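Raw contents of coords_8.cif, mmCIF, C-alpha atoms:
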```cif
data_entry
loop_
_atom_site.group_PDB
_atom_site.id
_atom_site.type_symbol
_atom_site.label_atom_id
_atom_site.label_comp_id
_atom_site.auth_asym_id
_atom_site.auth_seq_id
_atom_site.Cartn_x
_atom_site.Cartn_y
_atom_site.Cartn_z
ATOM 1 C CA GLN A 19 6.750 99.534 28.192
ATOM 2 C CA PRO A 20 3.457 97.699 27.595
ATOM 3 C CA PHE A 21 0.199 99.215 28.744
ATOM 4 C CA PRO A 22 -0.747 97.883 32.210
ATOM 5 C CA TRP A 23 -3.765 95.835 31.106
ATOM 6 C CA ALA A 24 -3.837 94.046 34.437
ATOM 7 C CA LEU A 25 -4.508 97.373 36.191
ATOM 8 C CA VAL A 26 -7.305 98.258 33.761
ATOM 9 C CA CYS A 27 -8.877 94.817 34.213
ATOM 10 C CA ALA A 28 -8.609 95.113 38.011
ATOM 11 C CA VAL A 29 -10.329 98.520 37.980
ATOM 12 C CA LEU A 30 -13.140 97.247 35.734
ATOM 13 C CA LEU A 31 -13.602 94.165 37.900
ATOM 14 C CA GLY A 32 -13.618 96.308 41.054
ATOM 15 C CA LEU A 33 -16.301 98.564 39.595
ATOM 16 C CA ALA A 34 -18.323 95.543 38.524
ATOM 17 C CA VAL A 35 -18.524 94.206 42.081
ATOM 18 C CA CYS A 36 -19.228 97.572 43.745
ATOM 19 C CA PRO A 37 -22.889 97.990 44.690
ATOM 20 C CA HIS A 38 -24.939 99.513 41.888
ATOM 21 C CA ARG A 39 -27.098 101.724 44.054
ATOM 22 C CA LYS A 40 -27.366 105.369 45.032
ATOM 23 C CA TRP A 41 -24.562 106.672 47.240
ATOM 24 C CA PRO A 42 -25.782 109.954 48.833
ATOM 25 C CA ALA A 43 -22.246 111.281 49.485
ATOM 26 C CA VAL A 44 -21.252 110.742 45.840
ATOM 27 C CA GLU A 45 -24.483 112.377 44.674
ATOM 28 C CA ALA A 46 -23.957 115.402 46.948
ATOM 29 C CA MET A 47 -20.383 115.851 45.681
ATOM 30 C CA TRP A 48 -21.342 115.680 42.001
ATOM 31 C CA CYS A 49 -24.436 117.856 42.479
ATOM 32 C CA ARG A 50 -22.208 120.603 43.910
ATOM 33 C CA VAL A 51 -19.945 120.339 40.846
ATOM 34 C CA PHE A 52 -22.903 120.354 38.435
ATOM 35 C CA GLY A 53 -24.527 123.210 40.379
ATOM 36 C CA LEU A 54 -21.372 125.265 39.848
ATOM 37 C CA TRP A 55 -21.367 124.393 36.149
ATOM 38 C CA ALA A 56 -25.057 125.375 35.970
ATOM 39 C CA GLN A 57 -24.118 128.839 37.259
ATOM 40 C CA ILE A 58 -21.214 129.139 34.812
ATOM 41 C CA PHE A 59 -23.376 128.088 31.841
ATOM 42 C CA HIS A 60 -26.396 130.118 33.053
ATOM 43 C CA THR A 61 -28.756 127.148 33.312
ATOM 44 C CA THR A 62 -32.298 128.254 34.086
ATOM 45 C CA LEU A 63 -34.814 126.174 36.016
ATOM 46 C CA ILE A 64 -38.467 127.019 35.456
ATOM 47 C CA TYR A 65 -40.935 125.625 37.985
ATOM 48 C CA GLU A 66 -44.691 125.617 37.578
ATOM 49 C CA GLU A 67 -46.519 127.978 39.885
ATOM 50 C CA GLY A 68 -47.330 126.476 43.263
ATOM 51 C CA LEU A 69 -44.586 123.842 43.337
ATOM 52 C CA LEU A 70 -42.183 125.742 45.568
ATOM 53 C CA PRO A 71 -43.263 127.185 48.928
ATOM 54 C CA ALA A 72 -43.726 130.946 48.938
ATOM 55 C CA SER A 73 -40.954 132.986 50.530
ATOM 56 C CA GLY A 74 -41.282 132.974 54.284
ATOM 57 C CA ASP A 75 -44.049 130.348 54.272
ATOM 58 C CA SER A 76 -42.889 127.889 56.927
ATOM 59 C CA ARG A 77 -46.054 125.762 56.665
ATOM 60 C CA ALA A 78 -45.345 124.512 53.164
ATOM 61 C CA GLY A 79 -43.012 121.519 53.078
ATOM 62 C CA PRO A 80 -40.998 120.181 50.190
ATOM 63 C CA LEU A 81 -42.918 118.522 47.401
ATOM 64 C CA LYS A 82 -42.541 114.729 47.550
ATOM 65 C CA ASP A 83 -44.245 113.363 44.426
ATOM 66 C CA PHE A 84 -43.266 114.914 41.122
ATOM 67 C CA ILE A 85 -41.561 114.095 37.842
ATOM 68 C CA LEU A 86 -38.811 116.359 36.552
ATOM 69 C CA THR A 87 -38.406 116.289 32.775
ATOM 70 C CA VAL A 88 -35.421 117.389 30.724
ATOM 71 C CA HIS A 89 -35.496 117.967 26.981
ATOM 72 C CA PRO A 90 -33.980 115.276 24.748
ATOM 73 C CA HIS A 91 -30.230 114.971 24.763
ATOM 74 C CA ALA A 92 -27.422 112.715 23.612
ATOM 75 C CA VAL A 93 -26.112 109.606 25.390
ATOM 76 C CA ILE A 94 -24.118 111.767 27.826
ATOM 77 C CA PRO A 95 -26.724 114.271 29.086
ATOM 78 C CA ILE A 96 -24.703 117.359 30.007
ATOM 79 C CA THR A 97 -27.820 119.536 30.294
ATOM 80 C CA GLY A 98 -29.494 116.904 32.467
ATOM 81 C CA PHE A 99 -26.468 116.876 34.772
ATOM 82 C CA LEU A 100 -26.580 120.667 35.085
ATOM 83 C CA ILE A 101 -30.258 120.596 35.979
ATOM 84 C CA TRP A 102 -29.682 117.661 38.370
ATOM 85 C CA GLY A 103 -27.028 119.694 40.200
ATOM 86 C CA ALA A 104 -29.078 122.889 40.259
ATOM 87 C CA THR A 105 -32.126 121.160 41.743
ATOM 88 C CA PHE A 106 -29.974 119.846 44.594
ATOM 89 C CA GLN A 107 -29.239 123.398 45.702
ATOM 90 C CA HIS A 108 -32.517 125.125 44.812
ATOM 91 C CA GLY A 109 -35.098 122.559 45.862
ATOM 92 C CA LEU A 110 -37.293 119.981 44.178
ATOM 93 C CA HIS A 111 -34.422 117.527 43.812
ATOM 94 C CA PRO A 112 -35.720 114.132 42.613
ATOM 95 C CA ASP A 113 -34.804 110.911 44.406
ATOM 96 C CA GLY A 114 -33.677 109.378 41.140
ATOM 97 C CA PHE A 115 -33.533 109.769 37.382
ATOM 98 C CA GLY A 116 -33.786 107.576 34.323
ATOM 99 C CA GLY A 117 -30.888 106.396 32.217
ATOM 100 C CA SER A 118 -31.094 104.708 28.828
ATOM 101 C CA GLY A 119 -29.957 101.164 28.282
ATOM 102 C CA ALA A 120 -27.120 102.520 26.124
ATOM 103 C CA ALA A 121 -25.872 104.767 28.928
ATOM 104 C CA LEU A 122 -26.164 102.013 31.523
ATOM 105 C CA ALA A 123 -24.191 99.637 29.295
ATOM 106 C CA MET A 124 -21.033 101.773 29.410
ATOM 107 C CA PRO A 125 -18.768 100.455 32.210
ATOM 108 C CA PHE A 126 -17.638 103.610 34.038
ATOM 109 C CA PHE A 127 -20.659 105.696 33.111
ATOM 110 C CA ARG A 128 -23.025 103.018 34.510
ATOM 111 C CA GLN A 129 -21.464 103.301 37.968
ATOM 112 C CA PHE A 130 -21.514 107.091 37.799
ATOM 113 C CA LEU A 131 -25.229 107.093 36.958
ATOM 114 C CA LYS A 132 -26.190 104.419 39.492
ATOM 115 C CA TRP A 133 -24.205 106.009 42.326
ATOM 116 C CA ASN A 134 -25.978 109.326 41.641
ATOM 117 C CA GLY A 135 -29.465 107.785 41.697
ATOM 118 C CA GLY A 136 -29.899 106.621 38.094
ATOM 119 C CA HIS A 137 -32.353 103.891 37.157
ATOM 120 C CA ASP A 138 -33.075 101.933 34.020
ATOM 121 C CA VAL A 139 -35.942 103.463 32.029
ATOM 122 C CA SER A 140 -37.539 100.153 31.144
ATOM 123 C CA LYS A 141 -41.306 100.250 31.519
ATOM 124 C CA HIS A 142 -41.397 97.783 34.441
ATOM 125 C CA VAL A 143 -38.690 99.693 36.370
ATOM 126 C CA VAL A 144 -40.348 103.076 35.893
ATOM 127 C CA LYS A 145 -43.732 101.651 36.837
ATOM 128 C CA ALA A 146 -42.279 100.172 40.043
ATOM 129 C CA LEU A 147 -40.625 103.480 40.963
ATOM 130 C CA LEU A 148 -43.824 105.488 40.463
#
```
Could you render the structure from this file as structure tokens?
Amino acid sequence: QPFPWALVCAVLLGLAVCPHRKWPAVEAMWCRVFGLWAQIFHTTLIYEEGLLPASGDSRAGPLKDFILTVHPHAVIPITGFLIWGATFQHGLHPDGFGGSGAALAMPFFRQFLKWNGGHDVSKHVVKALL
């Protein structure tokens, strides 16, 4: 039986017309998965002193303006995903993250990144987001 190319084409076309923007429910679901993986793989987050409110300090609110950096990685940033998930649970979760042009050119991966808050890392896009 031949491979159902029509189904593959329909799925790709459907993904192409879906909005390429952040979907909070999708992000929350994946962050829970990546948070679990971060615990399994013992991922450690190190925050600079003074970024998180002290225990029991109800006056200090969440930090709004910050940049979270992750060490260099390959096209599919497994470590970045683990950190992304862990920050969702532990605080200081960014509104978005940068994705390379190579990552955003891959059909299914592009939607995954965009739906989780990914942005192009072109200079004009980053400048507009800051």
| field | Spatial neighbours of A:Ala104, max dist 9 Å, only C-alpha atoms, sep filter under 6 positions, as a PyMOL selection string | value | chain A and resi 49-50+52-57+61-63+111
Using all atoms of stretch 132-137 of chain A that appear in the file, construct an axis-aligned enclosing box with 5 Å of padding on every side and provide its centre coordinates and edge lengths in Å, rounded to one decimal, as AutoDock Vina command-line options.
```
--center_x -28.3 --center_y 106.6 --center_z 39.7 --size_x 18.1 --size_y 15.4 --size_z 15.2
```
Any chance you could tabulate, as JSON lines, the residues of stretch 29-59 of chain A at most 9 Å from stretch 112-134 of chain A with each one's nearest atom pair and distance in Å to one decimal, using all atoms listed in the file, in chain and rising number order?
```
{"residue": "A:Leu30", "atom": "CA", "partner": "A:Pro125", "partner_atom": "CA", "distance": 7.4}
{"residue": "A:Leu33", "atom": "CA", "partner": "A:Gln129", "partner_atom": "CA", "distance": 7.2}
{"residue": "A:Ala34", "atom": "CA", "partner": "A:Pro125", "partner_atom": "CA", "distance": 8.0}
{"residue": "A:Cys36", "atom": "CA", "partner": "A:Gln129", "partner_atom": "CA", "distance": 8.4}
{"residue": "A:Pro37", "atom": "CA", "partner": "A:Trp133", "partner_atom": "CA", "distance": 8.5}
{"residue": "A:His38", "atom": "CA", "partner": "A:Lys132", "partner_atom": "CA", "distance": 5.6}
{"residue": "A:Arg39", "atom": "CA", "partner": "A:Lys132", "partner_atom": "CA", "distance": 5.4}
{"residue": "A:Lys40", "atom": "CA", "partner": "A:Trp133", "partner_atom": "CA", "distance": 4.2}
{"residue": "A:Trp41", "atom": "CA", "partner": "A:Trp133", "partner_atom": "CA", "distance": 5.0}
{"residue": "A:Pro42", "atom": "CA", "partner": "A:Asn134", "partner_atom": "CA", "distance": 7.2}
{"residue": "A:Ala43", "atom": "CA", "partner": "A:Asn134", "partner_atom": "CA", "distance": 8.9}
{"residue": "A:Val44", "atom": "CA", "partner": "A:Asn134", "partner_atom": "CA", "distance": 6.5}
{"residue": "A:Glu45", "atom": "CA", "partner": "A:Asn134", "partner_atom": "CA", "distance": 4.6}
{"residue": "A:Ala46", "atom": "CA", "partner": "A:Asn134", "partner_atom": "CA", "distance": 8.3}
{"residue": "A:Trp48", "atom": "CA", "partner": "A:Asn134", "partner_atom": "CA", "distance": 7.9}
{"residue": "A:Cys49", "atom": "CA", "partner": "A:Asn134", "partner_atom": "CA", "distance": 8.7}
```
Go ahead and write the selection's residues with C-alpha atoms as an mmCIF file, in the frame of the given file.
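File produced: out11.cif:
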```cif
data_model
loop_
_atom_site.group_PDB
_atom_site.id
_atom_site.type_symbol
_atom_site.label_atom_id
_atom_site.label_comp_id
_atom_site.auth_asym_id
_atom_site.auth_seq_id
_atom_site.Cartn_x
_atom_site.Cartn_y
_atom_site.Cartn_z
ATOM 1 C CA LEU A 30 -13.140 97.247 35.734
ATOM 2 C CA LEU A 33 -16.301 98.564 39.595
ATOM 3 C CA ALA A 34 -18.323 95.543 38.524
ATOM 4 C CA CYS A 36 -19.228 97.572 43.745
ATOM 5 C CA PRO A 37 -22.889 97.990 44.690
ATOM 6 C CA HIS A 38 -24.939 99.513 41.888
ATOM 7 C CA ARG A 39 -27.098 101.724 44.054
ATOM 8 C CA LYS A 40 -27.366 105.369 45.032
ATOM 9 C CA TRP A 41 -24.562 106.672 47.240
ATOM 10 C CA PRO A 42 -25.782 109.954 48.833
ATOM 11 C CA ALA A 43 -22.246 111.281 49.485
ATOM 12 C CA VAL A 44 -21.252 110.742 45.840
ATOM 13 C CA GLU A 45 -24.483 112.377 44.674
ATOM 14 C CA ALA A 46 -23.957 115.402 46.948
ATOM 15 C CA TRP A 48 -21.342 115.680 42.001
ATOM 16 C CA CYS A 49 -24.436 117.856 42.479
#
```
| query | Just how far from atom CA of A:Gly32 is atom CA of A:Val144, in Å to one decimal? | reply |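 Value for the atom CA of A:Val144-atom CA of A:Gly32 distance: 28.1 Å.
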| For atom CA of A:Pro22 and atom CA of A:Val35, the interatomic separation in Å (one decimal) | 20.7 Å
| query | What does the distance from atom CA of A:Tyr65 to atom CA of A:His142 come to in Å, to one decimal? | reply |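 Computed distance, atom CA of A:Tyr65 to atom CA of A:His142, equals 28.1 Å.
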| field | Selected residue, from A:Val139, A:Leu148, A:Leu25, A:Ile58, that lies nearest to A:Ile85 when counting all atoms listed in the file | value |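 Ranking A:Val139, A:Leu148, A:Leu25, A:Ile58 by distance to A:Ile85, first place goes to A:Leu148.
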